[in-house]
Amino acid sequence: MYAIPPLITAIYFITIGLVVYLNNRHSNVNRSFLYLCISTFIWQFSWFLLFSRVFYNHNLLIIKLGYSGIIFIPVSFYHFLSNYSNLPNRGKGNTITTNYFIGVILGIFLWYSSLFINGYNSFSWGVYPKAGILHPVYLLFLLILTLKGIHISLLSYANADYSNKNKAKYILLSLCLYIPASFDFVTNYGVAIYPVGFVFVLLSFGVIAYAIIKHHLLDIYIVIKKTLVFAGLFFGFYVLFSLALFLNTSLLKGLIENKLLATIPSVVLFIFLYRPIENWLVNITDRFLFQKKYDYLTLLRSISDDLLTILNLKELANITANKLKDIMRLSNACFFALDNSANSLKLLASSGDFKNTFPVWNCSKGFNDTLFSKPYHVSNSDTVNQSSDLRSFCDQYKCKIIIPLSRKKEKLGVLTLGNKLSDEDFTPDDINIVLYLANYLSLAIVNAKQINELHKANAALLQQTTRKRMNQMAEGMSHQFNNRFVSIAFPAGLAKMYLADIDTSKLSEVDKKRIKDSLYAVERIEDNSARGGEIAKGLLNFNKMSQHTFEQVNIRKGIDLAIEMIQYKHIDFSHIELSVDIADDMPLINSNIAYLQEVFFIILDNSYDAIKQRILKDNSFVGDIKINVRYLHDLRTTHIEVSDTGEGMKPEILDKIRDFVPYVTTKASSATSGYGAGVNVLKRYVDILNGDIDYESTFNEGTKVIIDLPFINGNSEG
């Protein structure tokens with residue numbers, strides 16, 4: 001009985017050692033792992049012989065054989081950790097050689113003297129070696145190598161990239177579990193405790209086996225046959241089932257004297273339950289142990305349907321990223337479109353734990369050639385490690401796998417996959433299924449681009465006609481508008497002068513405040529009249545609004561002026577929660593303050609209307625608007641995002657808004673709220689500022705307006 005655990009441990013270790021070694025015979029890591037397994041096998045198999053008491057007359061010989069393995073366990077473990085960690089260490093080879101030399105010296109004392117092992121003690125469960133005077137020297141040697149091994153493992157874990165961190169973690173855990181096996185040494189000093197070190201050893205290498213199967217530790221891929229799994233389940237279950245039938249028959253025999261009659265209920269039960277149990281086991285094997293294949297079929301089927309029906313690139317990107325993340329159980333998935341004109345990758349969609357902090361990746365020279373040089377890239381591959389750009393890209397977007405998307409010679413974009421939530425590594429099956437999907441996805445992108453270009457061409461033609469009509473209207477309107485603004489600005493300026501000349505020294509504090517507030521209000525009327533007049537002049541020739549009035553301006557001022565205007569227009573605007581977040585390092589930008597004010601005013605006005613529509617459905621709803629402004633140093637671009645929690649837009653409306661189709665409104669009643677010209681006017685202002693504008697919206701959730709303005713001749717705000 002006491003000999004069985006060491007035998008099981010010995011068989012397990014020699015098996016796993018040979019599997020690892022035969023997987024790659026030329027690897028120093030695999031070879032040193034085999035040395036560790038052989039040392040442990042010698043130790044445990046010798047203890048099996050010792051505890052079985054079959055070779056009682058050769059106990060001392062068996063003890064020396066077992067301790068020969070024990071001596072080299074810390075030596076081979078350190079050897080394995082040094083090779084696996086691959087840390088730069090000039091003296092690593094000399095250290096390993098010295099360790100083996102010390103092990104040989106201890107082995108000589110073991111075999112040719114009684115200084116290391118001095119006979120053995122007899123216990124109820126068998127005999128066990130007795131420590132000699134040199135045994136503490138070995139324990140000190142063991143302690144030093146253990147501490148050095150822990151140090152190496154910690155360094156390996158700290159220096160590993162996120163794709164290899166799990167493997168390093170399991171190696172460190174395995175070492176920590178192996179250490180308590182040293183508890184067996186107390187028995188060498190006469191303590192009558194059965195040596196249970198095999199338990200910790202099995203746990204330690206159980207972790208290694210788990211890491212090999214789940215994370216392909218040591219680059220080993222274990223292929224599990226479906227038939228083998230089913231056979232194992234079938235055999236195990238029917239052993240239990242047969243045992244239950246046997247016990248049932250035995251029980252009935254005690255009640256029924258006829259043995260044949262006692263057997264009949266068990267036979268009938270077996271006949272009726274055999275087929276249902278077999279079907280249940282087949283289902284368990286397929287649905288749980290091979291769930292991945294079912295999920296992949298689901299992935300292909302669902303996305304293939306979408307590829308045939310969705311012609312909007314943004315929507316296609318969102319569905320692809322979300323389904324990849326959910327079905328493959330990934331931490332994140334991202335979809336990038338390649339902008340050849342700007343030589344950049346634009347993040348169209350992301351799903352999972354990745355936050356859209358960097359919506360654009362500026363490609364350096366040669367980056368695209370490296371990226372599209374292979375059908376896919378793994379984050380810890382030689383190609384990625386040798387390319388600083390690819391390495392930075394993987395780190396920035398937390399991607400484990402990069403799948404370039406291309407059609408014939410046209411480069412389209414990139415699909416990235418994060419780590420699996422199960423911490424497993426990607427298998428060849430995983431890669432093949434995504435590559436298969438990428439081919440269809442590339443075709444869908446080409447189709448979506450062609451449809452999008454056709455829509456833009458139609459929209460451009462419609463815009464051209466609309467602008468011509470607007471110019472005709474503007475010629476008659478702008479002069480009248482300008483006159484009205486002048487007629488407002490003149491008395492406002494006169495009132496400001498009179499209010500400024502009032503002697504407030506003899507007035508009460510209340511009257512002083514009234515004078516101050518009135519003066520501020522009049523100043524605002526004068527300033528806004530002047531800006532209104534400037535915009536009215538621009539209407540005179542809407543297609544030729546220019547940048548001749550541009551200057552260095554603070555974008556915060558444009559936002560503040562727009563907020564002030566919107567508060568005058570909508571008295572209840574203060575009921576909406578408004579937050580403005582502008583980066584501290586924002587520089588001044590070359591722009592026109594009136595145009596900036598108008599851009600933010602139109603966006604805020606639309607957000608207000610969208611939130612009011614939602615409040616009409618739910619009086620308790622409290623909307624919020626968030627303005628976020630960042631300066632992207634690499635792209636020298638001011639990135640603006642204005643998001644609201646309003647009613648949002650339906651996909652068909654969003655498509656038209658993105659195409660800037662004239663007279664499209666998102667408001668509930670165009671008769672009372674306008675005719676949808678604001679979106680086109682906003683687009684025109686952004687074009688004048690040399691910027692780009694895009695929209696993201698989900699119906700009943702909200703809308704985000706994204707604007708990128710180039711930085712031209714700006715100075716830091718300090």
# chains A, B, ... in the order shown; residues from 1 in each chain; ligands from 1
$ residues_around --residues "Leu390 in chain A" --least-positions-apart "4" --cutoff "12 Å" --atoms "only C-alpha atoms" --output "VMD selection string"
chain A and resid 361 to 364 366 to 373 376 to 386 394 to 402 416
$ residues_around --residues "His639 in chain A" --least-positions-apart "6" --cutoff "8 Å" --atoms "only C-alpha atoms" --output "ChimeraX atom specification"
/A:629-632,706-709
$ write_last_selection --atoms "C-alpha atoms" --output "mmCIF file, in the first residue's frame"
data_model
loop_
_atom_site.group_PDB
_atom_site.id
_atom_site.type_symbol
_atom_site.label_atom_id
_atom_site.label_comp_id
_atom_site.auth_asym_id
_atom_site.auth_seq_id
_atom_site.Cartn_x
_atom_site.Cartn_y
_atom_site.Cartn_z
ATOM 1 C CA VAL A 629 -10.806 67.443 -26.310
ATOM 2 C CA ARG A 630 -7.368 65.847 -26.724
ATOM 3 C CA TYR A 631 -4.240 66.722 -28.670
ATOM 4 C CA LEU A 632 -2.790 63.745 -30.573
ATOM 5 C CA ILE A 706 -16.184 63.111 -33.608
ATOM 6 C CA ILE A 707 -14.138 65.959 -35.103
ATOM 7 C CA ASP A 708 -10.420 65.969 -35.946
ATOM 8 C CA LEU A 709 -8.824 69.364 -36.622
#
$ closest_residue --among "A:Ser113, A:Thr40, A:Ser52, A:Asn99" --to "Phe198 in chain A" --atoms "only C-alpha atoms"
A:Thr40
$ closest_residue --among "A:Ile179, A:Leu604, A:Leu172, A:Leu154" --to "Val207 in chain A" --atoms "only C-alpha atoms"
A:Leu172
$ residues_around --residues "Trp43 in chain A" --least-positions-apart "4" --cutoff "6 Å" --atoms "only C-alpha atoms" --output "MDAnalysis selection string"
chainID A and resid 66 69:70
$ decode --residues "range 121-163 of chain A" --atoms "N, CA and C atoms" --output "compact mmCIF listing (two decimals), in the first residue's frame"
# COMPACT_ATOMS: atom_id res chain seq x y z
N ASN A 121 16.77 3.82 8.94
CA ASN A 121 15.92 3.55 10.10
C ASN A 121 14.72 2.72 9.66
N SER A 122 14.21 1.88 10.55
CA SER A 122 13.04 1.06 10.24
C SER A 122 11.80 1.67 10.88
N PHE A 123 10.72 1.77 10.08
CA PHE A 123 9.43 2.30 10.56
C PHE A 123 8.34 1.29 10.22
N SER A 124 7.13 1.58 10.68
CA SER A 124 6.03 0.64 10.45
C SER A 124 5.69 0.51 8.97
N TRP A 125 5.95 1.56 8.19
CA TRP A 125 5.62 1.54 6.76
C TRP A 125 6.83 1.16 5.90
N GLY A 126 7.99 0.90 6.53
CA GLY A 126 9.17 0.49 5.78
C GLY A 126 10.42 1.15 6.31
N VAL A 127 11.51 1.00 5.58
CA VAL A 127 12.78 1.60 5.99
C VAL A 127 12.96 2.93 5.26
N TYR A 128 13.82 3.81 5.87
CA TYR A 128 14.06 5.12 5.27
C TYR A 128 15.50 5.54 5.59
N PRO A 129 16.22 6.19 4.65
CA PRO A 129 17.63 6.53 4.86
C PRO A 129 17.84 7.47 6.04
N LYS A 130 18.99 7.26 6.72
CA LYS A 130 19.36 8.07 7.88
C LYS A 130 20.43 9.07 7.45
N ALA A 131 20.27 10.33 7.83
CA ALA A 131 21.20 11.39 7.43
C ALA A 131 22.56 11.22 8.08
N GLY A 132 23.64 11.46 7.28
CA GLY A 132 25.00 11.47 7.79
C GLY A 132 25.44 12.89 8.11
N ILE A 133 26.71 13.07 8.47
CA ILE A 133 27.17 14.40 8.91
C ILE A 133 27.26 15.39 7.74
N LEU A 134 27.35 14.90 6.49
CA LEU A 134 27.42 15.79 5.33
C LEU A 134 26.03 16.12 4.77
N HIS A 135 25.02 15.50 5.32
CA HIS A 135 23.67 15.74 4.80
C HIS A 135 23.25 17.21 4.92
N PRO A 136 23.56 17.92 6.03
CA PRO A 136 23.21 19.35 6.11
C PRO A 136 23.88 20.18 5.01
N VAL A 137 25.06 19.74 4.54
CA VAL A 137 25.72 20.46 3.44
C VAL A 137 24.84 20.41 2.19
N TYR A 138 24.27 19.24 1.94
CA TYR A 138 23.38 19.11 0.79
C TYR A 138 22.14 19.99 0.96
N LEU A 139 21.61 20.04 2.19
CA LEU A 139 20.43 20.88 2.43
C LEU A 139 20.74 22.34 2.18
N LEU A 140 21.96 22.79 2.54
CA LEU A 140 22.36 24.16 2.26
C LEU A 140 22.46 24.40 0.75
N PHE A 141 23.04 23.44 0.06
CA PHE A 141 23.15 23.50 -1.40
C PHE A 141 21.76 23.59 -2.04
N LEU A 142 20.83 22.78 -1.50
CA LEU A 142 19.45 22.78 -1.97
C LEU A 142 18.80 24.14 -1.75
N LEU A 143 19.02 24.73 -0.58
CA LEU A 143 18.43 26.02 -0.24
C LEU A 143 18.93 27.11 -1.19
N ILE A 144 20.24 27.12 -1.46
CA ILE A 144 20.82 28.14 -2.34
C ILE A 144 20.23 28.05 -3.75
N LEU A 145 20.16 26.83 -4.28
CA LEU A 145 19.62 26.66 -5.64
C LEU A 145 18.13 27.01 -5.70
N THR A 146 17.41 26.70 -4.61
CA THR A 146 15.98 27.03 -4.58
C THR A 146 15.77 28.53 -4.61
N LEU A 147 16.53 29.27 -3.81
CA LEU A 147 16.41 30.73 -3.79
C LEU A 147 16.79 31.34 -5.14
N LYS A 148 17.86 30.80 -5.74
CA LYS A 148 18.27 31.30 -7.06
C LYS A 148 17.21 30.97 -8.11
N GLY A 149 16.59 29.79 -7.99
CA GLY A 149 15.53 29.41 -8.92
C GLY A 149 14.32 30.33 -8.81
N ILE A 150 13.94 30.67 -7.57
CA ILE A 150 12.82 31.60 -7.37
C ILE A 150 13.16 32.97 -7.96
N HIS A 151 14.39 33.41 -7.76
CA HIS A 151 14.84 34.70 -8.29
C HIS A 151 14.74 34.72 -9.82
N ILE A 152 15.20 33.65 -10.45
CA ILE A 152 15.13 33.56 -11.92
C ILE A 152 13.68 33.56 -12.39
N SER A 153 12.83 32.81 -11.70
CA SER A 153 11.42 32.72 -12.09
C SER A 153 10.72 34.07 -11.98
N LEU A 154 11.02 34.80 -10.91
CA LEU A 154 10.42 36.13 -10.73
C LEU A 154 10.88 37.10 -11.81
N LEU A 155 12.16 37.05 -12.15
CA LEU A 155 12.68 37.91 -13.22
C LEU A 155 12.04 37.55 -14.56
N SER A 156 11.90 36.26 -14.80
CA SER A 156 11.29 35.80 -16.06
C SER A 156 9.85 36.28 -16.15
N TYR A 157 9.12 36.22 -15.05
CA TYR A 157 7.73 36.68 -15.03
C TYR A 157 7.65 38.19 -15.24
N ALA A 158 8.55 38.92 -14.58
CA ALA A 158 8.53 40.38 -14.68
C ALA A 158 8.88 40.86 -16.09
N ASN A 159 9.78 40.16 -16.76
CA ASN A 159 10.25 40.60 -18.08
C ASN A 159 9.42 40.03 -19.23
N ALA A 160 8.50 39.11 -18.94
CA ALA A 160 7.71 38.50 -20.01
C ALA A 160 6.69 39.49 -20.53
N ASP A 161 6.45 39.46 -21.86
CA ASP A 161 5.37 40.26 -22.40
C ASP A 161 4.06 39.60 -22.00
N TYR A 162 2.96 40.35 -22.20
CA TYR A 162 1.69 39.86 -21.67
C TYR A 162 1.26 38.54 -22.30
N SER A 163 1.74 38.24 -23.51
CA SER A 163 1.36 36.98 -24.15
C SER A 163 2.06 35.78 -23.52
